[in-house]
>>> print(open('my_file.cif').read())   # mmCIF, C-alpha atoms
data_structure
#
loop_
_atom_site.label_atom_id
_atom_site.label_comp_id
_atom_site.auth_asym_id
_atom_site.auth_seq_id
_atom_site.Cartn_x
_atom_site.Cartn_y
_atom_site.Cartn_z
CA MET A 1 4.10 12.97 -19.04
CA GLU A 2 5.91 10.00 -20.39
CA MET A 3 6.96 7.07 -18.16
CA ASN A 4 9.29 4.27 -19.22
CA PRO A 5 9.76 0.91 -17.48
CA ILE A 6 13.05 0.35 -15.65
CA GLY A 7 12.51 -3.42 -15.46
CA THR A 8 10.07 -6.31 -15.51
CA ILE A 9 8.43 -8.16 -12.61
CA HIS A 10 8.10 -11.93 -12.95
CA THR A 11 5.55 -13.80 -10.85
CA PRO A 12 3.64 -17.10 -11.00
CA TYR A 13 0.43 -15.24 -11.96
CA THR A 14 -0.46 -15.26 -15.63
CA SER A 15 -4.20 -14.66 -15.32
CA ARG A 16 -6.07 -11.79 -13.72
CA GLU A 17 -8.50 -14.17 -12.09
CA GLY A 18 -7.72 -15.94 -8.81
CA MET A 19 -4.74 -13.75 -7.96
CA PRO A 20 -4.03 -12.40 -4.49
CA ILE A 21 -5.36 -8.85 -4.31
CA GLN A 22 -2.58 -7.48 -2.13
CA PRO A 23 0.89 -8.63 -0.97
CA ALA A 24 -0.73 -10.01 2.22
CA GLY A 25 -2.62 -12.44 0.01
CA GLY A 26 0.58 -13.42 -1.78
CA ALA A 27 2.44 -14.09 1.48
CA GLY A 28 5.45 -16.26 0.79
CA ILE A 29 4.88 -16.36 -2.98
CA ARG A 30 8.17 -15.66 -4.72
CA GLY A 31 8.88 -13.55 -7.74
CA THR A 32 11.82 -11.88 -9.41
CA ILE A 33 12.47 -8.43 -10.78
CA GLU A 34 14.76 -7.96 -13.73
CA VAL A 35 16.10 -4.42 -13.64
CA PHE A 36 17.32 -3.34 -17.05
CA GLU A 37 21.09 -3.12 -17.45
CA GLU A 38 21.24 0.67 -17.71
CA TYR A 39 19.60 1.17 -14.28
CA ARG A 40 21.44 -1.49 -12.28
CA ALA A 41 23.96 0.87 -10.70
CA GLY A 42 21.00 2.40 -8.83
CA LEU A 43 20.46 -0.89 -6.92
CA LYS A 44 23.54 -0.36 -4.74
CA ASP A 45 22.69 -0.39 -0.98
CA LEU A 46 19.16 -1.64 -1.63
CA GLU A 47 19.89 -5.11 -0.24
CA GLY A 48 20.10 -3.59 3.25
CA PHE A 49 16.34 -3.10 3.18
CA SER A 50 14.07 -6.03 4.01
CA HIS A 51 11.09 -4.45 2.27
CA ILE A 52 10.77 -2.33 -0.85
CA ILE A 53 7.97 -0.36 -2.45
CA LEU A 54 7.30 -1.23 -6.08
CA LEU A 55 5.52 1.18 -8.38
CA PHE A 56 4.38 -0.63 -11.50
CA VAL A 57 1.96 -0.43 -14.38
CA PHE A 58 -1.34 -2.32 -14.33
CA HIS A 59 -0.44 -3.20 -17.91
CA ARG A 60 -3.46 -5.37 -18.60
CA SER A 61 -5.92 -2.76 -17.32
CA GLU A 62 -7.66 -0.50 -19.74
CA GLY A 63 -9.87 2.50 -19.13
CA PHE A 64 -11.50 3.17 -15.77
CA GLN A 65 -14.80 3.77 -14.03
CA LEU A 66 -15.09 6.29 -11.19
CA GLU A 67 -17.22 3.97 -9.10
CA VAL A 68 -16.40 0.28 -8.69
CA VAL A 69 -17.38 -2.67 -6.53
CA PRO A 70 -14.00 -3.60 -4.99
CA PHE A 71 -12.87 -7.21 -4.49
CA MET A 72 -13.33 -6.75 -0.75
CA ASP A 73 -16.87 -5.38 -0.89
CA THR A 74 -20.31 -5.76 -2.45
CA GLU A 75 -21.14 -2.05 -2.84
CA LEU A 76 -20.14 0.61 -5.33
CA ARG A 77 -17.28 2.70 -3.95
CA GLY A 78 -15.46 5.74 -5.25
CA LEU A 79 -12.46 4.54 -7.27
CA PHE A 80 -9.91 6.55 -5.24
CA ALA A 81 -11.20 4.91 -2.04
CA THR A 82 -10.20 1.53 -3.53
CA ARG A 83 -7.05 -0.16 -4.84
CA ALA A 84 -8.78 -1.37 -8.02
CA PRO A 85 -6.44 -1.66 -11.03
CA ARG A 86 -8.41 0.29 -13.62
CA ARG A 87 -7.47 3.89 -12.77
CA PRO A 88 -6.93 7.13 -14.72
CA ASN A 89 -3.19 6.55 -14.21
CA PRO A 90 -2.94 2.75 -13.82
CA ILE A 91 -0.04 2.73 -11.35
CA GLY A 92 0.11 -0.13 -8.85
CA LEU A 93 1.87 0.04 -5.50
CA SER A 94 2.97 -2.98 -3.50
CA VAL A 95 5.30 -3.39 -0.54
CA VAL A 96 7.19 -6.67 -1.02
CA GLN A 97 9.92 -8.47 0.86
CA LEU A 98 13.40 -8.33 -0.66
CA ASP A 99 15.49 -11.47 -0.19
CA ARG A 100 18.53 -11.01 -2.44
CA ILE A 101 19.96 -9.08 -5.37
CA GLU A 102 22.29 -10.69 -7.87
CA LYS A 103 23.33 -9.29 -11.25
CA GLY A 104 20.36 -6.96 -11.50
CA ILE A 105 17.88 -9.67 -10.51
CA LEU A 106 15.93 -9.08 -7.30
CA GLN A 107 14.49 -12.09 -5.50
CA ILE A 108 11.27 -10.94 -3.86
CA ARG A 109 8.46 -12.44 -1.81
CA ASN A 110 4.76 -11.64 -1.23
CA VAL A 111 4.03 -10.79 -4.85
CA ASP A 112 0.55 -9.79 -5.99
CA MET A 113 1.11 -8.65 -9.56
CA LEU A 114 0.87 -10.30 -12.95
CA ASP A 115 3.84 -11.93 -14.64
CA GLY A 116 5.48 -9.50 -17.04
CA THR A 117 4.41 -6.38 -15.14
CA PRO A 118 6.43 -3.30 -16.18
CA LEU A 119 8.28 -1.76 -13.23
CA LEU A 120 8.38 2.04 -12.93
CA ASP A 121 10.25 2.62 -9.67
CA ILE A 122 11.71 0.98 -6.57
CA LYS A 123 11.80 2.84 -3.27
CA PRO A 124 13.08 1.61 0.11
CA TYR A 125 10.28 0.95 2.60
CA VAL A 126 10.88 3.03 5.73
CA PRO A 127 8.28 2.87 8.53
CA GLU A 128 8.96 6.45 9.64
CA PHE A 129 8.02 7.60 6.14
CA ASP A 130 5.39 5.09 5.12
CA SER A 131 3.64 3.70 8.16
CA GLN A 132 0.90 5.40 10.17
CA PRO A 133 0.01 4.15 13.63
CA LYS A 134 -3.34 5.85 14.23
CA ILE A 135 -5.71 5.39 11.36
CA ARG A 136 -9.27 4.96 10.16
CA THR A 137 -10.01 2.92 7.05
CA GLY A 138 -13.60 3.75 6.11
CA TRP A 139 -15.45 1.05 4.21
CA LEU A 140 -12.52 -1.34 4.65
CA GLU A 141 -12.67 -1.21 8.45
CA GLN A 142 -14.47 -4.55 8.80
CA ALA A 143 -13.00 -6.40 5.85
CA ARG A 144 -9.32 -5.45 5.82
CA GLY A 145 -8.31 -8.25 8.18
CA SER A 146 -9.39 -10.82 5.61
CA VAL A 147 -7.30 -9.55 2.70
CA ASP A 148 -5.05 -12.60 2.86
CA ARG A 149 -7.98 -14.85 2.01
CA ARG A 150 -9.51 -12.82 -0.82
CA ARG A 151 -8.77 -13.42 -4.47
CA SER A 152 -9.37 -11.43 -7.60
CA ASP A 153 -12.07 -12.35 -10.07
CA GLY A 154 -12.83 -11.04 -13.53
CA ARG A 155 -14.62 -7.87 -12.50
CA PHE A 156 -11.98 -5.41 -13.70
CA ILE A 157 -11.32 -7.19 -16.95
CA SER A 158 -12.66 -5.02 -19.72
CA LYS A 159 -15.36 -6.82 -21.67
CA ARG A 160 -14.64 -4.80 -24.74
CA LYS A 161 -11.11 -6.06 -25.10
CA SER A 162 -10.22 -8.86 -22.76
CA LYS A 163 -6.57 -9.78 -23.06
CA MET B 164 3.34 5.10 -21.30
CA GLU B 165 1.55 8.38 -20.94
CA MET B 166 0.38 9.67 -17.53
CA ASN B 167 -1.95 12.63 -17.05
CA PRO B 168 -2.52 14.58 -13.82
CA ILE B 169 -5.90 14.11 -12.11
CA GLY B 170 -5.41 17.18 -9.92
CA THR B 171 -2.99 19.65 -8.32
CA ILE B 172 -1.49 19.65 -4.82
CA HIS B 173 -1.20 23.02 -3.09
CA THR B 174 1.25 23.46 -0.22
CA PRO B 175 3.11 26.31 1.48
CA TYR B 176 6.37 25.22 -0.19
CA THR B 177 7.39 27.20 -3.23
CA SER B 178 11.13 26.49 -3.15
CA ARG B 179 12.98 23.19 -3.25
CA GLU B 180 15.31 24.32 -0.49
CA GLY B 181 14.38 24.10 3.19
CA MET B 182 11.40 21.80 2.63
CA PRO B 183 10.56 18.81 4.81
CA ILE B 184 11.93 15.71 3.13
CA GLN B 185 9.07 13.40 4.13
CA PRO B 186 5.56 13.80 5.59
CA ALA B 187 7.02 13.26 9.10
CA GLY B 188 8.97 16.49 8.57
CA GLY B 189 5.84 18.30 7.46
CA ALA B 190 3.85 17.15 10.50
CA GLY B 191 0.83 19.38 10.95
CA ILE B 192 1.56 21.44 7.83
CA ARG B 193 -1.65 21.81 5.85
CA GLY B 194 -2.21 21.64 2.15
CA THR B 195 -5.06 21.14 -0.27
CA ILE B 196 -5.61 18.96 -3.29
CA GLU B 197 -7.77 20.16 -6.13
CA VAL B 198 -9.07 17.12 -7.99
CA PHE B 199 -10.15 18.01 -11.50
CA GLU B 200 -13.90 18.10 -12.10
CA GLU B 201 -14.01 15.04 -14.34
CA TYR B 202 -12.48 12.77 -11.65
CA ARG B 203 -14.43 13.97 -8.60
CA ALA B 204 -16.99 11.16 -8.62
CA GLY B 205 -14.10 8.84 -7.74
CA LEU B 206 -13.66 10.59 -4.35
CA LYS B 207 -16.82 9.03 -2.89
CA ASP B 208 -16.12 7.03 0.32
CA LEU B 209 -12.59 8.42 0.58
CA GLU B 210 -13.41 10.63 3.57
CA GLY B 211 -13.75 7.50 5.71
CA PHE B 212 -9.98 7.07 5.53
CA SER B 213 -7.79 9.08 7.88
CA HIS B 214 -4.71 8.62 5.69
CA ILE B 215 -4.24 8.49 1.93
CA ILE B 216 -1.35 7.63 -0.36
CA LEU B 217 -0.56 10.29 -2.93
CA LEU B 218 1.35 9.45 -6.09
CA PHE B 219 2.58 12.62 -7.72
CA VAL B 220 5.13 13.98 -10.16
CA PHE B 221 8.39 15.52 -8.98
CA HIS B 222 7.63 18.17 -11.58
CA ARG B 223 10.65 20.35 -10.89
CA SER B 224 13.08 17.44 -11.10
CA GLU B 225 14.94 16.78 -14.28
CA GLY B 226 17.16 13.88 -15.27
CA PHE B 227 18.66 11.51 -12.71
CA GLN B 228 21.90 10.03 -11.42
CA LEU B 229 22.11 6.37 -10.36
CA GLU B 230 24.12 7.22 -7.24
CA VAL B 231 23.24 10.13 -5.00
CA VAL B 232 24.08 11.50 -1.56
CA PRO B 233 20.64 11.52 0.11
CA PHE B 234 19.48 14.32 2.41
CA MET B 235 19.79 11.93 5.35
CA ASP B 236 23.33 10.80 4.63
CA THR B 237 26.81 11.91 3.65
CA GLU B 238 27.69 8.96 1.40
CA LEU B 239 26.84 8.04 -2.17
CA ARG B 240 23.95 5.55 -2.23
CA GLY B 241 22.23 3.69 -5.02
CA LEU B 242 19.30 5.81 -6.21
CA PHE B 243 16.71 3.06 -5.67
CA ALA B 244 17.85 2.74 -2.03
CA THR B 245 16.85 6.40 -1.54
CA ARG B 246 13.75 8.55 -1.89
CA ALA B 247 15.60 11.24 -3.87
CA PRO B 248 13.36 13.12 -6.34
CA ARG B 249 15.44 12.85 -9.50
CA ARG B 250 14.54 9.34 -10.73
CA PRO B 251 14.10 7.64 -14.13
CA ASN B 252 10.34 7.91 -13.53
CA PRO B 253 10.04 10.92 -11.20
CA ILE B 254 7.03 9.66 -9.20
CA GLY B 255 6.75 10.76 -5.57
CA LEU B 256 4.87 8.83 -2.90
CA SER B 257 3.65 10.35 0.35
CA VAL B 258 1.20 9.16 2.98
CA VAL B 259 -0.70 12.21 4.25
CA GLN B 260 -3.53 12.77 6.69
CA LEU B 261 -6.95 13.51 5.18
CA ASP B 262 -9.09 15.95 7.16
CA ARG B 263 -12.04 16.79 4.90
CA ILE B 264 -13.31 16.72 1.32
CA GLU B 265 -15.57 19.43 -0.03
CA LYS B 266 -16.45 20.06 -3.67
CA GLY B 267 -13.45 18.17 -4.99
CA ILE B 268 -11.03 19.92 -2.61
CA LEU B 269 -9.21 17.69 -0.14
CA GLN B 270 -7.88 19.27 3.05
CA ILE B 271 -4.73 17.38 3.95
CA ARG B 272 -2.01 17.51 6.59
CA ASN B 273 1.67 16.50 6.80
CA VAL B 274 2.56 17.71 3.33
CA ASP B 275 6.09 17.44 1.97
CA MET B 276 5.68 18.36 -1.69
CA LEU B 277 6.05 21.57 -3.68
CA ASP B 278 3.12 23.88 -4.34
CA GLY B 279 1.62 23.13 -7.74
CA THR B 280 2.65 19.45 -7.75
CA PRO B 281 0.70 17.40 -10.34
CA LEU B 282 -1.24 14.56 -8.74
CA LEU B 283 -1.31 11.17 -10.50
CA ASP B 284 -3.30 8.99 -8.13
CA ILE B 285 -4.90 8.73 -4.70
CA LYS B 286 -5.11 5.40 -2.89
CA PRO B 287 -6.54 4.66 0.55
CA TYR B 288 -3.84 3.86 3.12
CA VAL B 289 -4.55 0.45 4.64
CA PRO B 290 -2.08 -0.92 7.21
CA GLU B 291 -2.78 -4.53 6.22
CA PHE B 292 -1.65 -3.65 2.69
CA ASP B 293 0.98 -1.00 3.26
CA SER B 294 2.58 -1.47 6.66
CA GLN B 295 5.25 -3.99 7.57
CA PRO B 296 5.98 -4.79 11.20
CA LYS B 297 9.34 -6.59 10.95
CA ILE B 298 11.80 -4.70 8.86
CA ARG B 299 15.42 -3.73 8.21
CA THR B 300 16.26 -0.36 6.70
CA GLY B 301 19.88 -0.61 5.59
CA TRP B 302 21.79 2.66 5.49
CA LEU B 303 18.80 4.49 7.01
CA GLU B 304 18.81 2.36 10.18
CA GLN B 305 20.54 4.99 12.32
CA ALA B 306 19.18 8.15 10.75
CA ARG B 307 15.54 7.40 10.07
CA GLY B 308 14.37 8.54 13.50
CA SER B 309 15.54 12.07 12.75
CA VAL B 310 13.59 12.57 9.51
CA ASP B 311 11.28 15.11 11.16
CA ARG B 312 14.22 17.44 11.78
CA ARG B 313 15.89 17.18 8.35
CA ARG B 314 15.29 19.67 5.58
CA SER B 315 16.03 19.61 1.89
CA ASP B 316 18.80 21.66 0.38
CA GLY B 317 19.71 22.39 -3.20
CA ARG B 318 21.50 19.12 -3.94
CA PHE B 319 18.95 17.71 -6.37
CA ILE B 320 18.40 20.95 -8.22
CA SER B 321 19.90 20.55 -11.66
CA LYS B 322 22.67 23.05 -12.25
CA ARG B 323 22.07 22.98 -15.96
CA LYS B 324 18.57 24.28 -15.79
CA SER B 325 17.53 25.44 -12.34
CA LYS B 326 13.89 26.44 -12.30
#
>>> encode(input="my_file.cif", output="structure tokens")
Amino acid sequence: MEMNPIGTIHTPYTSREGMPIQPAGGAGIRGTIEVFEEYRAGLKDLEGFSHIILLFVFHRSEGFQLEVVPFMDTELRGLFATRAPRRPNPIGLSVVQLDRIEKGILQIRNVDMLDGTPLLDIKPYVPEFDSQPKIRTGWLEQARGSVDRRRSDGRFISKRKSK
Amino acid sequence: MEMNPIGTIHTPYTSREGMPIQPAGGAGIRGTIEVFEEYRAGLKDLEGFSHIILLFVFHRSEGFQLEVVPFMDTELRGLFATRAPRRPNPIGLSVVQLDRIEKGILQIRNVDMLDGTPLLDIKPYVPEFDSQPKIRTGWLEQARGSVDRRRSDGRFISKRKSK
């Protein structure tokens, strides 16, 4: 199936190395989203939400491997048990803070994606839908508390065609 | 960009009317995910996670309107401030409970999607990445507690071509 961007995400990150690996690592870092003119009417009422879910394309990722060593680990893990960017369908998901919307431009905070990232969808973040109180997190159980201090490196940059 | 399913979600829901509208409404309802053979190696380590994020296609949805009356409201709202299925990129997102994985079949619980839904991605649910403690939820502020009792109706079924 064919997906088409509805906007572009602008952030301070122009390189895939040294980036935060999740919004927690980009705490406070500001970005903007430019929603294309033809979709702006769909932004009505969104400003009431403090947090939004962004679905976007890992546009600099290419191909995938089914086992990867994630940024937060030193062992090979199954790809679907990680948030690594090189995936069969390279869709990223981040919950960011929404500060303001003006003329189709969203001011957001806690960004963890590359500048120029194509946006596929915006959904309101609703704890009753999206948050789970009782959970287990497998291999991430020990490490997940340190996500705010981890940074990306070059490990998911394809050697064949590094952009 | 082109997206291709990595598997199929099976649930008890064969009609778009009377379904739960979020996983909270499908609490306890079991489903299965069949991940296609060629992607199964990527499921390693996933069983350690009690909850997973599914990205899937609203495959019975067609077209979109930028303002809709959501299932949980009686007023027109901007599409991106809702979780309505008819979207420019009809990608659904649900956090479900993972019970077991055997031979590429995932046993899941709290399903809210149609039987036969094409799966695009599986990500581990990690509260430090995906959960936000201090939030505002706009128009949903009053209603969100009742999501477990709401059911879908026919409002997002296209009249032009109802499947």
>>> closest_atom_pairs(input="my_file.cif", of="chain A", to="chain B", cutoff="6 Å", atoms="only C-alpha atoms", output="tab-separated table")
residue	atom	partner	partner_atom	distance
A:Met1	CA	B:Met166	CA	5.2
A:Glu2	CA	B:Glu165	CA	4.7
A:Met3	CA	B:Met164	CA	5.2
A:Ala41	CA	B:Leu229	CA	5.8
A:Gly42	CA	B:Gly241	CA	4.2
A:Leu43	CA	B:Gly241	CA	5.3
A:Lys44	CA	B:Gly241	CA	4.3
A:Asp45	CA	B:Gly241	CA	5.8
A:Leu46	CA	B:Ala244	CA	4.6
A:Gly48	CA	B:Gly301	CA	3.8
A:Phe49	CA	B:Thr300	CA	4.5
A:Ser50	CA	B:Arg299	CA	5.0
A:Leu66	CA	B:Gly205	CA	4.4
A:Glu67	CA	B:Gly205	CA	5.9
A:Gly78	CA	B:Gly205	CA	4.2
A:Leu79	CA	B:Gly205	CA	4.6
A:Phe80	CA	B:Gly205	CA	5.4
A:Ala81	CA	B:Leu209	CA	4.6
A:Asn89	CA	B:Met166	CA	5.8
A:Ile122	CA	B:Phe243	CA	5.5
A:Lys123	CA	B:Phe243	CA	5.5
A:Pro124	CA	B:Ala244	CA	5.3
A:Ser131	CA	B:Ser294	CA	5.5
A:Ile135	CA	B:Ser213	CA	5.5
A:Arg136	CA	B:Ser213	CA	4.9
A:Thr137	CA	B:Phe212	CA	4.4
A:Gly138	CA	B:Gly211	CA	3.8
>>> write_last_selection(input="my_file.cif", atoms="C-alpha atoms", output="PDB file, keeping the file's coordinate frame")
ATOM      1  CA  MET A   1       4.100  12.970 -19.040  1.00  0.00           C
ATOM      2  CA  GLU A   2       5.910  10.000 -20.390  1.00  0.00           C
ATOM      3  CA  MET A   3       6.960   7.070 -18.160  1.00  0.00           C
ATOM      4  CA  ALA A  41      23.960   0.870 -10.700  1.00  0.00           C
ATOM      5  CA  GLY A  42      21.000   2.400  -8.830  1.00  0.00           C
ATOM      6  CA  LEU A  43      20.460  -0.890  -6.920  1.00  0.00           C
ATOM      7  CA  LYS A  44      23.540  -0.360  -4.740  1.00  0.00           C
ATOM      8  CA  ASP A  45      22.690  -0.390  -0.980  1.00  0.00           C
ATOM      9  CA  LEU A  46      19.160  -1.640  -1.630  1.00  0.00           C
ATOM     10  CA  GLY A  48      20.100  -3.590   3.250  1.00  0.00           C
ATOM     11  CA  PHE A  49      16.340  -3.100   3.180  1.00  0.00           C
ATOM     12  CA  SER A  50      14.070  -6.030   4.010  1.00  0.00           C
ATOM     13  CA  LEU A  66     -15.090   6.290 -11.190  1.00  0.00           C
ATOM     14  CA  GLU A  67     -17.220   3.970  -9.100  1.00  0.00           C
ATOM     15  CA  GLY A  78     -15.460   5.740  -5.250  1.00  0.00           C
ATOM     16  CA  LEU A  79     -12.460   4.540  -7.270  1.00  0.00           C
ATOM     17  CA  PHE A  80      -9.910   6.550  -5.240  1.00  0.00           C
ATOM     18  CA  ALA A  81     -11.200   4.910  -2.040  1.00  0.00           C
ATOM     19  CA  ASN A  89      -3.190   6.550 -14.210  1.00  0.00           C
ATOM     20  CA  ILE A 122      11.710   0.980  -6.570  1.00  0.00           C
ATOM     21  CA  LYS A 123      11.800   2.840  -3.270  1.00  0.00           C
ATOM     22  CA  PRO A 124      13.080   1.610   0.110  1.00  0.00           C
ATOM     23  CA  SER A 131       3.640   3.700   8.160  1.00  0.00           C
ATOM     24  CA  ILE A 135      -5.710   5.390  11.360  1.00  0.00           C
ATOM     25  CA  ARG A 136      -9.270   4.960  10.160  1.00  0.00           C
ATOM     26  CA  THR A 137     -10.010   2.920   7.050  1.00  0.00           C
ATOM     27  CA  GLY A 138     -13.600   3.750   6.110  1.00  0.00           C
TER      28      GLY A 138
END
>>> atom_distance(input="my_file.cif", atom1="CA of Gly194 in chain B", atom2="CA of Lys266 in chain B")
15.5 Å
>>> atom_distance(input="my_file.cif", atom1="CA of Val274 in chain B", atom2="CA of Pro248 in chain B")
15.2 Å
>>> residues_near_point(input="my_file.cif", point="(-10.4, -12.5, -12.5)", cutoff="6 Å", atoms="only C-alpha atoms", output="count of residues only")
6
>>> closest_residue(input="my_file.cif", among="B:Ala306, B:Ile320, B:Pro175, B:Ile264", to="Gly226 in chain B", atoms="all atoms listed in the file")
B:Ile320
>>> atom_distance(input="my_file.cif", atom1="CA of Thr14 in chain A", atom2="CA of Glu102 in chain A")
24.5 Å
>>> closest_residue(input="my_file.cif", among="A:Arg60, A:Gly26, A:Leu106, A:Asp73", to="Pro118 in chain A", atoms="all atoms listed in the file")
A:Arg60
>>> closest_residue(input="my_file.cif", among="B:Tyr176, B:Thr171, B:Pro233, B:Thr195", to="Gln270 in chain B", atoms="all atoms listed in the file")
B:Thr195
